[in-house]
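Trainee: Below is a structure I'd like to ask you about.
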Amino acid sequence: MKHFLRMLIQVCLYFYCKFLWRCLKFVMRKLTGKCELQRICYSTKPGASRTMKIETSLRDSKSKLLQTSVSVHPDVIEKTIEDIMELKKINPDVNPQLGISLQACLLQIVGYRNLIADVEKLRREPYDSENPQHEEMLLKLWKFLKPNTPLESRISKQWCEIGFQGDDPKTDFRGMGLLGLYNLQYFAERDAAAAQQVLSDSLHPKFSKFSKTEWEKKRMDKAIGYSFAIVGINITDLAYNLLISGTLKTHFYNIAPEAPTLSHFQQTFCYLMHEFHKFWIEEDPMDIMEFNRVREKFRKRIVKQLQNPDMALCPHFAASEGLINM
């Protein structure tokens with residue numbers, strides 16, 4: 001009975017607050033002569049703050065046109081903006097900047113949804129050793145990470161040298177499908193020097209770029225390494241969940257002037273891989289069994305950073321040179 005009453009109170013509060021919000025929007029429209037979309041665009045700077053407010057306003061609108069605008073095809077965004085302006089009785093000749101601002105926001109909103117679909121498609125596609133393209137990507141990963149060491153055979157214990165668990169890496173891709181391979185290859189190819197350094201440090205952490213003084217200061221006497229490829233697949237899982245939950249909207253809406261793409265996601269993976277490596281060394285775990293604890297602590301730090309609407313995960317590595325800040 002108590003549970004039912006609590007649920008009833010929550011439902012009543014929800015509809016009460018929604019009613020108040022609608023009343024407030026009506027009053028603001030009468031006082032300012034501007035609809036909520038205009039007020040957001042004119043008072044909020046470009047980036048995550050504006051786009052997320054626009055997204056919420058459209059999604060929570062009682063208008064079907066506005067509700068569905070966040071999931072239209074990119075090709076009809078311009079027409080959708082025209083329909084919204086007409087519905088809101090806004091003259092585009094008098095308010096030319098509004099259409100431009102709304103279009104930029106919708107490109108990001110729709111692009112984020114499409115990015116989720118693209119990433120999910122890769123995650124669901126299993127690695128197939130009979131597929132020449134899959135095999136080529138895997139062999140390229142070895143070549144980028146170990147350019148001076150030939151791979152003796154496709155099935156080989158050498159794969160353990162770059163952090164796979166056995167002599168055939170295909171079994172390690174089961175959790176994240178092709179997405180894990182795509183991300184690892186992107187990191188190894190686009191930021192080769194950093195990827196090779198991270199791989200080396202993961203194998204020989206005491207010989208990383210930290211000086212002897214820094215090691216002693218941080219008491220990094222244990223210097224536990226980790227399996228590079230397996231951790232890369234695990235960080236892919238982290239990036240995937242940040243994307244699906246919407247946490248990465250802050251980052252993408254701040255760095256992608258239009259629709260975020262798969263390349264933006266892969267660049268974000270590179271950043272997370274780079275930062276997790278530093279975080280792991282700084283945490284100085286007792287053994288590899290502490291991986292889940294360190295990973296969860298790292299995840300919470302990233303989530304906290306992304307709660308700042310002005311946050312963009314700093315692109316300080318080679319793979320991010322193409323990023324454009326809004």
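Chain labels follow the order of the structure tokens: the first chain is A, the next B, and so on; residue numbering restarts at 1 in every chain, and ligands are counted from 1 in their shown order.
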Extract, using only C-alpha atoms, all DNA, RNA and protein residues at most 9 Å from Gln103 (chain A), discarding same-chain residues fewer than 5 positions from it, and format them as a list in words.
Mentor: Ile77, Glu78, Thr80, Ile81, Leu98, Gln108 and Glu258 of chain A
Trainee: Show which residues sit within 8 Å of Leu203 (chain A), as a count of residues only. Count only C-alpha atoms, and ignore same-chain residues fewer than 5 positions away.
Mentor: 3
Trainee: Near region 175-189 of chain A, counting only C-alpha atoms, which residues have an atom at most 7 Å away, once you skip same-chain residues fewer than 5 positions from it, shown as a CSV table (one decimal) with C-alpha atoms, in the first residue's frame?
Mentor:
```csv
chain,number,residue,atom,x,y,z
A,122,LEU,CA,29.7,-2.8,-35.6
A,123,ARG,CA,29.3,-4.1,-32.1
A,124,ARG,CA,26.8,-6.7,-33.2
A,125,GLU,CA,28.9,-7.9,-36.1
A,126,PRO,CA,31.1,-10.8,-35.0
A,127,TYR,CA,34.7,-11.3,-36.1
A,141,LEU,CA,46.8,-4.1,-36.3
A,144,PHE,CA,51.0,-0.9,-36.9
A,145,LEU,CA,51.9,-2.0,-33.4
A,195,ALA,CA,49.9,3.5,-29.3
A,232,GLY,CA,41.5,-1.8,-25.6
A,233,ILE,CA,38.4,-3.9,-26.0
A,236,THR,CA,35.7,0.2,-26.2
A,237,ASP,CA,33.0,-1.2,-23.9
A,266,GLN,CA,37.1,6.5,-32.5
A,269,PHE,CA,38.4,6.0,-27.8
A,270,CYS,CA,41.9,7.1,-28.4
```
Trainee: Any idea what's packed within 10 Å of Trp142 (chain A), counting only C-alpha atoms, ignoring anything in its chain fewer than 3 positions away? Could you give it as JSON, numbers by chain?
Mentor: {"A": [137, 138, 139, 145, 146, 147, 149, 150, 151, 158, 159, 161, 162, 185, 188]}
Trainee: Export C-alpha atoms of the chosen residues as a short mmCIF file (atom, residue, chain, number, x, y, z; two decimals), in the first residue's frame?
Mentor:
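Contents of the output file result_33.cif:
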```
data_model
loop_
_atom_site.label_atom_id
_atom_site.label_comp_id
_atom_site.auth_asym_id
_atom_site.auth_seq_id
_atom_site.Cartn_x
_atom_site.Cartn_y
_atom_site.Cartn_z
CA MET A 137 42.27 -5.44 -40.40
CA LEU A 138 43.66 -7.82 -37.79
CA LEU A 139 46.95 -8.25 -39.62
CA LEU A 145 51.87 -2.01 -33.38
CA LYS A 146 54.93 -4.17 -34.22
CA PRO A 147 56.30 -2.67 -37.45
CA THR A 149 58.56 -7.71 -35.99
CA PRO A 150 57.05 -9.98 -38.67
CA LEU A 151 54.12 -12.15 -37.63
CA GLN A 158 52.96 -13.83 -30.82
CA TRP A 159 49.49 -12.28 -30.48
CA GLU A 161 52.81 -9.74 -27.28
CA ILE A 162 50.19 -7.10 -28.12
CA GLN A 185 43.30 -0.42 -35.47
CA ALA A 188 47.40 2.00 -33.81
#
```
Trainee: Quick check for you: according to DSSP on this backbone, which residues of region 182-304 of chain A are classed as alpha helix (DSSP H)? Reply as a ChimeraX atom specification.
Mentor: /A:182-190,192-203,212-218,228-244,249-255,262-283,291-304
Trainee: For Lys297 (chain A), work out the shell of residues within 12 Å, counting only C-alpha atoms and skipping chain neighbours fewer than 6 positions away, then give it as a list of chain:residue names.
Mentor: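 Within the cut-off, the hits are A:Leu238, A:Phe276, A:Phe279, A:Trp280, A:Glu283, A:Glu290, A:Phe291, A:Val303, A:Lys304.
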Trainee: Write out as a short mmCIF file (atom, residue, chain, number, x, y, z; two decimals) with all heavy atoms, in the first residue's frame the residues lying within 12 Å of Arg293 (chain A), counting only C-alpha atoms and excluding same-chain residues fewer than 5 positions away.
Mentor:
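Printed below is selection-v9.cif as written:
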```cif
data_model
loop_
_atom_site.label_atom_id
_atom_site.label_comp_id
_atom_site.auth_asym_id
_atom_site.auth_seq_id
_atom_site.Cartn_x
_atom_site.Cartn_y
_atom_site.Cartn_z
N PHE A 279 46.15 6.85 -15.99
CA PHE A 279 45.42 6.64 -14.74
C PHE A 279 45.85 5.33 -14.08
O PHE A 279 46.01 5.26 -12.86
CB PHE A 279 43.92 6.62 -15.04
CG PHE A 279 43.04 6.65 -13.82
CD1 PHE A 279 42.85 7.83 -13.12
CD2 PHE A 279 42.40 5.50 -13.39
CE1 PHE A 279 42.03 7.85 -11.99
CE2 PHE A 279 41.58 5.51 -12.27
CZ PHE A 279 41.40 6.70 -11.57
N TRP A 280 46.03 4.29 -14.88
CA TRP A 280 46.45 2.98 -14.37
C TRP A 280 47.82 3.07 -13.70
O TRP A 280 48.03 2.56 -12.60
CB TRP A 280 46.49 1.97 -15.51
CG TRP A 280 47.00 0.61 -15.13
CD1 TRP A 280 48.28 0.14 -15.26
CD2 TRP A 280 46.24 -0.47 -14.56
NE1 TRP A 280 48.36 -1.15 -14.81
CE2 TRP A 280 47.13 -1.54 -14.37
CE3 TRP A 280 44.91 -0.61 -14.19
CZ2 TRP A 280 46.73 -2.76 -13.83
CZ3 TRP A 280 44.50 -1.83 -13.65
CH2 TRP A 280 45.40 -2.88 -13.47
N GLU A 283 47.48 5.01 -10.45
CA GLU A 283 46.79 4.24 -9.40
C GLU A 283 47.70 3.19 -8.79
O GLU A 283 47.53 2.81 -7.64
CB GLU A 283 45.54 3.57 -9.98
CG GLU A 283 44.36 4.50 -10.15
CD GLU A 283 43.79 4.96 -8.82
OE1 GLU A 283 43.34 4.13 -8.02
OE2 GLU A 283 43.81 6.18 -8.59
N ASP A 284 48.67 2.72 -9.59
CA ASP A 284 49.65 1.74 -9.11
C ASP A 284 48.98 0.56 -8.40
O ASP A 284 49.18 0.35 -7.19
CB ASP A 284 50.63 2.45 -8.16
CG ASP A 284 51.88 1.61 -7.90
OD1 ASP A 284 52.16 0.71 -8.70
OD2 ASP A 284 52.55 1.85 -6.88
N PRO A 285 48.16 -0.20 -9.10
CA PRO A 285 47.41 -1.31 -8.46
C PRO A 285 48.33 -2.41 -7.94
O PRO A 285 49.44 -2.60 -8.44
CB PRO A 285 46.52 -1.82 -9.58
CG PRO A 285 47.25 -1.46 -10.83
CD PRO A 285 47.91 -0.14 -10.55
N MET A 286 47.83 -3.14 -6.95
CA MET A 286 48.60 -4.24 -6.36
C MET A 286 48.82 -5.36 -7.37
O MET A 286 49.89 -5.96 -7.45
CB MET A 286 47.87 -4.79 -5.14
CG MET A 286 47.79 -3.83 -3.97
SD MET A 286 49.40 -3.51 -3.22
CE MET A 286 49.78 -5.12 -2.54
N ASP A 287 47.79 -5.66 -8.15
CA ASP A 287 47.89 -6.69 -9.18
C ASP A 287 46.78 -6.46 -10.21
O ASP A 287 45.94 -5.57 -10.05
CB ASP A 287 47.81 -8.10 -8.59
CG ASP A 287 46.57 -8.29 -7.71
OD1 ASP A 287 45.46 -7.93 -8.16
OD2 ASP A 287 46.72 -8.78 -6.58
N ILE A 288 46.77 -7.28 -11.25
CA ILE A 288 45.80 -7.11 -12.35
C ILE A 288 44.37 -7.37 -11.89
O ILE A 288 43.41 -6.94 -12.54
CB ILE A 288 46.17 -8.05 -13.53
CG1 ILE A 288 45.44 -7.61 -14.82
CG2 ILE A 288 45.87 -9.49 -13.18
CD1 ILE A 288 45.83 -6.25 -15.32
N PHE A 298 37.99 5.21 -12.93
CA PHE A 298 38.26 6.00 -14.13
C PHE A 298 36.96 6.42 -14.80
O PHE A 298 36.80 7.57 -15.21
CB PHE A 298 39.12 5.18 -15.09
CG PHE A 298 39.41 5.87 -16.40
CD1 PHE A 298 40.27 6.95 -16.47
CD2 PHE A 298 38.80 5.42 -17.58
CE1 PHE A 298 40.54 7.58 -17.68
CE2 PHE A 298 39.07 6.04 -18.79
CZ PHE A 298 39.93 7.13 -18.84
N ARG A 299 36.01 5.48 -14.90
CA ARG A 299 34.70 5.79 -15.51
C ARG A 299 34.00 6.91 -14.77
O ARG A 299 33.47 7.84 -15.39
CB ARG A 299 33.82 4.54 -15.51
CG ARG A 299 32.47 4.73 -16.21
CD ARG A 299 31.49 3.62 -15.89
NE ARG A 299 31.06 3.67 -14.49
CZ ARG A 299 30.11 4.49 -14.02
NH1 ARG A 299 29.48 5.33 -14.84
NH2 ARG A 299 29.78 4.46 -12.75
N LYS A 300 34.01 6.85 -13.45
CA LYS A 300 33.35 7.88 -12.66
C LYS A 300 34.01 9.25 -12.86
O LYS A 300 33.32 10.27 -12.90
CB LYS A 300 33.39 7.50 -11.17
CG LYS A 300 32.45 6.36 -10.81
CD LYS A 300 32.52 6.02 -9.33
CE LYS A 300 31.54 4.92 -8.97
NZ LYS A 300 31.62 4.54 -7.54
#
```
Trainee: Show which residues sit within 12 Å of Leu248 (chain A), as a ChimeraX atom specification. Count only C-alpha atoms, and ignore same-chain residues fewer than 4 positions away.
Mentor: /A:48,52,109,112-113,115-116,238-244,252-256,260,264-265,268-269,272,302-309,311-313
